[in-house]
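As C-alpha cells, the structure follows; a few thoughts come after it.
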Amino acid sequence: MQPTFVLVHGAFANSFSFAPLQAELGLLGHRSVAVDLPGHGFAATYPRAYQAPQDLAGLATTAGAIKGVTLADNAAHLIGILERAKRNGPVILVSHSRGGLTATVAANLRPDLIDRIVYVSAWCPVDLDVSAYYAEPEMATVDVTGLASAMVANPAELGLLRSNFRTADPGVLAAFKAAFLADGTDEEFMVFLNTFQPDENLDAGTPDDRAQPDSWGRIPKTYVRLAEDTSVPLAMQDRMIREGDALTPENPYDVRTLPGSHLKWLVDPAPAARVLAETAALLPAES
C-alpha cells in the first residue's frame, strides 16, 4: 500500500511552509499530510501590536494562545494524526528542526503507528536534553545572540517565546538570513520569514522525552543531513546520528545528505522530495 508522509514543522513554523514540498511529493505520486502543532497555523496568535506600525510594548505583553502548550500536547496531537493516517497504510513520519522533539516523543509512545521515521536536520535527543546540547562544542558556531535580539518579551512572564519576525532592523534580518537561508535570495528569505509566526511554546522536553531504545529504537530511521545548516550545524547533526546508532546499533540510521541551509530544502524542494521518495522505497513490501 502507498505510504503517507506526515510532515512536522519546527519552531515558529507551521504547515504552510511544506506546501511546495507537498506539491513535489504529489508529482512523484506520493500523498502527504502537513501537521500544525497546537498553537500553530490558523490557531496561532498574531496580536494587533504585531501589525504596522508596530507597538513593541504591547507586543511584549499581549497574551498568546500557545501559552501552556507542552511537548506532551504536541505529541498527543501528532499521535492522533498518525492514527488516522495509519488506517490508510504505511506511515513515514518526517520532522524538521524542533519538530524532531515531537516526533521522537510520539515514536517513544506509539512506535506501532510509524513505519519509518525521518529527521531532516531535526533534534533527536539521546544523551542530553536539547538545552544542554546548546552548550556543547558542536553548537559553538550558532549565533544565539543575533537570533535572541528579535525576542520582544520576557518568556517567564509571558509564558511563551515571542519573536518579532516583522522587524526592519537590518542587523537582526542579517542574523536571521545567516541562520536560516544564507544560500537563498533576499526575496526568498523575506517570503519565508513572513510565513513564521511570532510565538512558540517553552517546553523543550526532559530526560524522559529522549529517544528510547525499546520503542523509538524499533522503528527504521533515516537522517537527512543539511550540509550548510548553521542553525543545527552539521557537526551536531552527525553527533545525533552517532548517538542514535550507539543507542540501537542493530538499527542504525540510513543517512542521506542534501546541500543547503536550514530552510533551503523547503524553498527548493525537488531534491528533498526525491530523497523522501527513496525512503518510501525502503519500506518492506508487506507494510
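Starting from 1 in every chain, residues are counted up; chains themselves are A, B, ... following the order of the C-alpha cells, and ligands are numbered from 1 as listed.
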
| request: Would you return as number ranges by chain the members of segment 68-258 of chain A that DSSP assigns to alpha helix (DSSP H) on this structure's backbone? | output: A: 71-86, 99-109, 130-133, 144-148, 155-158, 170-180, 186-193, 234-247

Could you name the residues that touch Ser32 of chain A at 6 Å or less, counting only C-alpha atoms, but leaving out those on the same chain fewer than 4 positions away, as a PDB file with N, CA, C and O atoms, in the first residue's frame?
ATOM      1  N   THR A   4       1.867   7.217   3.529  1.00  0.00           N
ATOM      2  CA  THR A   4       1.540   8.622   3.736  1.00  0.00           C
ATOM      3  C   THR A   4       2.705   9.278   4.465  1.00  0.00           C
ATOM      4  O   THR A   4       3.126   8.798   5.526  1.00  0.00           O
ATOM      5  N   PHE A   5       3.224  10.358   3.921  1.00  0.00           N
ATOM      6  CA  PHE A   5       4.237  11.158   4.607  1.00  0.00           C
ATOM      7  C   PHE A   5       3.522  12.134   5.543  1.00  0.00           C
ATOM      8  O   PHE A   5       2.666  12.906   5.105  1.00  0.00           O
ATOM      9  N   VAL A   6       3.874  12.092   6.820  1.00  0.00           N
ATOM     10  CA  VAL A   6       3.342  13.038   7.802  1.00  0.00           C
ATOM     11  C   VAL A   6       4.469  14.000   8.154  1.00  0.00           C
ATOM     12  O   VAL A   6       5.510  13.578   8.675  1.00  0.00           O
TER      13      VAL A   6
END

| Can you list, as an MDAnalysis selection string, every protein, DNA or RNA residue that comes within 9 Å of Ala280 of chain A when you count only C-alpha atoms, leaving out same-chain residues fewer than 2 positions away? | chainID A and resid 2:3 5 92 116 275:278 282:283

Restrict the calculation to only C-alpha atoms, then for each residue of segment 148-218 of chain A with any atom at most 7 Å from an atom of segment 13-23 of chain A give the closest atom pair and their distance in Å to one decimal, rows by chain and rising residue number, as a Markdown table.
| residue | atom | partner | partner_atom | distance |
| --- | --- | --- | --- | --- |
| A:Thr195 | CA | A:Ser17 | CA | 6.9 |
| A:Phe196 | CA | A:Ala13 | CA | 5.1 |
| A:Gln197 | CA | A:Ala13 | CA | 6.3 |

Using the selection just defined, write its residues with C-alpha atoms as a PDB file, in the first residue's frame.
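Dumped to again24.pdb:
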ATOM      1  CA  THR A 195       5.464  32.509   6.990  1.00  0.00           C
ATOM      2  CA  PHE A 196       6.832  32.385  10.539  1.00  0.00           C
ATOM      3  CA  GLN A 197       4.515  33.069  13.452  1.00  0.00           C
TER       4      GLN A 197
END

| task | Please indicate the distance in Å from atom CA of Gly58 of chain A to atom CA of Asp36 of chain A, rounded to one decimal place. | result | 26.3 Å

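Between atom CA of Phe165 of chain A and atom CA of Glu228 of chain A there is a distance of 22.4 Å.
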
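Taking atom CA of Asn108 of chain A and atom CA of Ala211 of chain A as endpoints, the distance between them is 6.6 Å.
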
Each residue of segment 74-146 of chain A lying at most 12 Å from segment 267-273 of chain A should get a row with its shortest atom-to-atom pair and the distance in Å to one decimal, counting only C-alpha atoms; could you produce that, ordered by chain and increasing number, as a Markdown table?
| residue | atom | partner | partner_atom | distance |
| --- | --- | --- | --- | --- |
| A:Val94 | CA | A:Ala272 | CA | 11.3 |
| A:Val118 | CA | A:Ala272 | CA | 11.7 |
| A:Tyr119 | CA | A:Ala272 | CA | 12.0 |
| A:Val120 | CA | A:Ala272 | CA | 9.4 |

| message | Considering only C-alpha atoms, can you say which of A:Arg110, A:Arg87, A:Arg98, A:Arg274 comes closest to Glu24 of chain A? | response |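 When distances to Glu24 of chain A are compared using only C-alpha atoms, the smallest one comes from A:Arg274.
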
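In terms of minimum interatomic distance to Ser121 of chain A, A:Gly10 ranks closest within A:Pro252, A:Pro220, A:Gly26, A:Gly10, counting only C-alpha atoms.
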
| Would you give me, as a ChimeraX atom specification, the residues in segment 38-235 of chain A that DSSP reads as strand (DSSP E)? | /A:91-96,116-120,161-162,199-200,221-226

| remark: Counting only C-alpha atoms, closest pick from A:Thr222, A:Thr257, A:Thr185, A:Thr70 relative to Ile241 of chain A is A:Thr222

| Could you pull the residues within 9 Å of Pro47 of chain A, counting only C-alpha atoms, minus those fewer than 6 positions along the same chain, as a PyMOL selection string? | chain A and resi 58-59+62-64

| request: Please provide the set of residues having any atom within 10 Å of Trp216 of chain A, restricted to only C-alpha atoms, with same-chain residues fewer than 5 positions apart removed, written as a PyMOL selection string. | output: chain A and resi 103-112+114+117+210-211+221+244+248

Output the selection as a compact mmCIF listing (two decimals), in the first residue's frame - all heavy atoms for each residue.
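File selection_11.txt, as written:
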# COMPACT_ATOMS: atom_id res chain seq x y z
N ALA A 103 8.32 14.45 17.22
CA ALA A 103 8.36 13.17 16.52
C ALA A 103 8.97 12.09 17.40
O ALA A 103 8.49 10.94 17.41
CB ALA A 103 9.14 13.31 15.22
N THR A 104 10.01 12.43 18.14
CA THR A 104 10.68 11.45 18.99
C THR A 104 9.77 10.99 20.12
O THR A 104 9.69 9.79 20.42
CB THR A 104 11.98 12.06 19.55
OG1 THR A 104 12.84 12.41 18.46
CG2 THR A 104 12.70 11.07 20.46
N VAL A 105 9.05 11.92 20.76
CA VAL A 105 8.13 11.54 21.83
C VAL A 105 7.01 10.66 21.27
O VAL A 105 6.65 9.64 21.88
CB VAL A 105 7.56 12.78 22.54
CG1 VAL A 105 6.50 12.38 23.55
CG2 VAL A 105 8.67 13.56 23.23
N ALA A 106 6.47 11.02 20.12
CA ALA A 106 5.43 10.20 19.51
C ALA A 106 5.95 8.80 19.20
O ALA A 106 5.24 7.80 19.41
CB ALA A 106 4.91 10.87 18.25
N ALA A 107 7.18 8.72 18.73
CA ALA A 107 7.77 7.42 18.43
C ALA A 107 8.02 6.61 19.69
O ALA A 107 7.89 5.38 19.69
CB ALA A 107 9.07 7.60 17.65
N ASN A 108 8.38 7.28 20.79
CA ASN A 108 8.53 6.58 22.07
C ASN A 108 7.22 5.96 22.52
O ASN A 108 7.19 4.85 23.08
CB ASN A 108 9.02 7.55 23.15
CG ASN A 108 10.49 7.91 23.04
OD1 ASN A 108 11.27 7.18 22.44
ND2 ASN A 108 10.86 9.02 23.62
N LEU A 109 6.12 6.70 22.30
CA LEU A 109 4.83 6.27 22.83
C LEU A 109 4.10 5.30 21.91
O LEU A 109 3.43 4.37 22.38
CB LEU A 109 3.94 7.51 23.07
CG LEU A 109 4.43 8.50 24.13
CD1 LEU A 109 3.56 9.75 24.13
CD2 LEU A 109 4.42 7.84 25.52
N ARG A 110 4.19 5.52 20.58
CA ARG A 110 3.41 4.71 19.65
C ARG A 110 4.25 4.29 18.44
O ARG A 110 3.97 4.68 17.30
CB ARG A 110 2.18 5.48 19.19
CG ARG A 110 1.13 5.73 20.26
CD ARG A 110 0.53 4.45 20.81
NE ARG A 110 -0.07 3.59 19.78
CZ ARG A 110 -1.29 3.73 19.30
NH1 ARG A 110 -2.09 4.69 19.78
NH2 ARG A 110 -1.75 2.90 18.38
N PRO A 111 5.25 3.47 18.65
CA PRO A 111 6.06 3.02 17.51
C PRO A 111 5.26 2.22 16.50
O PRO A 111 5.65 2.13 15.33
CB PRO A 111 7.15 2.18 18.18
CG PRO A 111 6.56 1.74 19.47
CD PRO A 111 5.71 2.89 19.92
N ASP A 112 4.13 1.64 16.94
CA ASP A 112 3.30 0.85 16.04
C ASP A 112 2.66 1.67 14.93
O ASP A 112 2.20 1.11 13.92
CB ASP A 112 2.20 0.15 16.84
CG ASP A 112 1.33 1.13 17.61
OD1 ASP A 112 1.89 1.87 18.44
OD2 ASP A 112 0.10 1.16 17.37
N ILE A 114 4.24 4.05 13.17
CA ILE A 114 5.27 4.65 12.31
C ILE A 114 6.07 3.54 11.62
O ILE A 114 6.68 2.71 12.28
CB ILE A 114 6.21 5.56 13.13
CG1 ILE A 114 5.40 6.59 13.92
CG2 ILE A 114 7.23 6.24 12.22
CD1 ILE A 114 6.20 7.28 15.02
N ILE A 117 10.82 6.63 10.40
CA ILE A 117 10.90 7.99 10.92
C ILE A 117 12.09 8.67 10.25
O ILE A 117 13.17 8.09 10.13
CB ILE A 117 11.01 8.00 12.46
CG1 ILE A 117 10.88 9.42 13.01
CG2 ILE A 117 12.28 7.32 12.95
CD1 ILE A 117 10.64 9.46 14.52
N ARG A 210 13.70 11.81 25.74
CA ARG A 210 14.75 11.40 24.80
C ARG A 210 14.39 10.08 24.13
O ARG A 210 13.51 9.36 24.58
CB ARG A 210 16.08 11.26 25.55
CG ARG A 210 16.57 12.53 26.22
CD ARG A 210 17.84 12.25 27.00
NE ARG A 210 18.15 13.34 27.92
CZ ARG A 210 19.10 13.26 28.86
NH1 ARG A 210 19.81 12.15 29.01
NH2 ARG A 210 19.32 14.29 29.65
N ALA A 211 15.07 9.79 23.03
CA ALA A 211 14.80 8.56 22.29
C ALA A 211 14.98 7.34 23.19
O ALA A 211 15.99 7.22 23.90
CB ALA A 211 15.73 8.46 21.09
N LYS A 221 14.88 4.10 10.61
CA LYS A 221 15.04 5.55 10.68
C LYS A 221 16.06 6.06 9.66
O LYS A 221 17.03 5.38 9.32
CB LYS A 221 15.44 5.98 12.08
CG LYS A 221 16.64 5.26 12.70
CD LYS A 221 16.78 5.63 14.17
CE LYS A 221 18.02 5.03 14.82
NZ LYS A 221 17.87 3.57 15.04
N GLY A 244 22.28 8.09 18.17
CA GLY A 244 21.18 7.20 17.83
C GLY A 244 21.67 5.82 17.44
O GLY A 244 21.10 4.80 17.84
N THR A 248 20.92 2.15 19.39
CA THR A 248 20.33 0.97 18.74
C THR A 248 21.26 0.51 17.61
O THR A 248 20.96 0.69 16.43
CB THR A 248 18.94 1.30 18.17
OG1 THR A 248 19.05 2.39 17.23
CG2 THR A 248 17.98 1.69 19.28

| message | Give me the residues near Glu136 of chain A as a PyMOL selection string, where near means some atom within 10 Å (using only C-alpha atoms) and where sequence neighbours in that chain fewer than 5 positions away do not count. | response | chain A and resi 128+131+236

Restricting the output to N, CA, C and O atoms, write the selected residues as a compact mmCIF listing (two decimals), in the first residue's frame.
# COMPACT_ATOMS: atom_id res chain seq x y z
N LEU A 128 21.58 13.87 25.88
CA LEU A 128 21.35 15.12 26.61
C LEU A 128 19.98 15.68 26.25
O LEU A 128 19.36 15.27 25.26
N SER A 131 18.45 21.72 25.51
CA SER A 131 19.10 22.89 26.09
C SER A 131 20.56 22.62 26.43
O SER A 131 21.42 23.50 26.30
N MET A 236 26.63 18.86 14.79
CA MET A 236 25.60 18.42 15.72
C MET A 236 24.68 17.38 15.09
O MET A 236 24.27 16.42 15.75

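Using only C-alpha atoms for every distance, the candidate list A:Cys124, A:Leu263, A:Leu113, A:Ala235 yields A:Leu113 as the residue closest to Asn88 of chain A.
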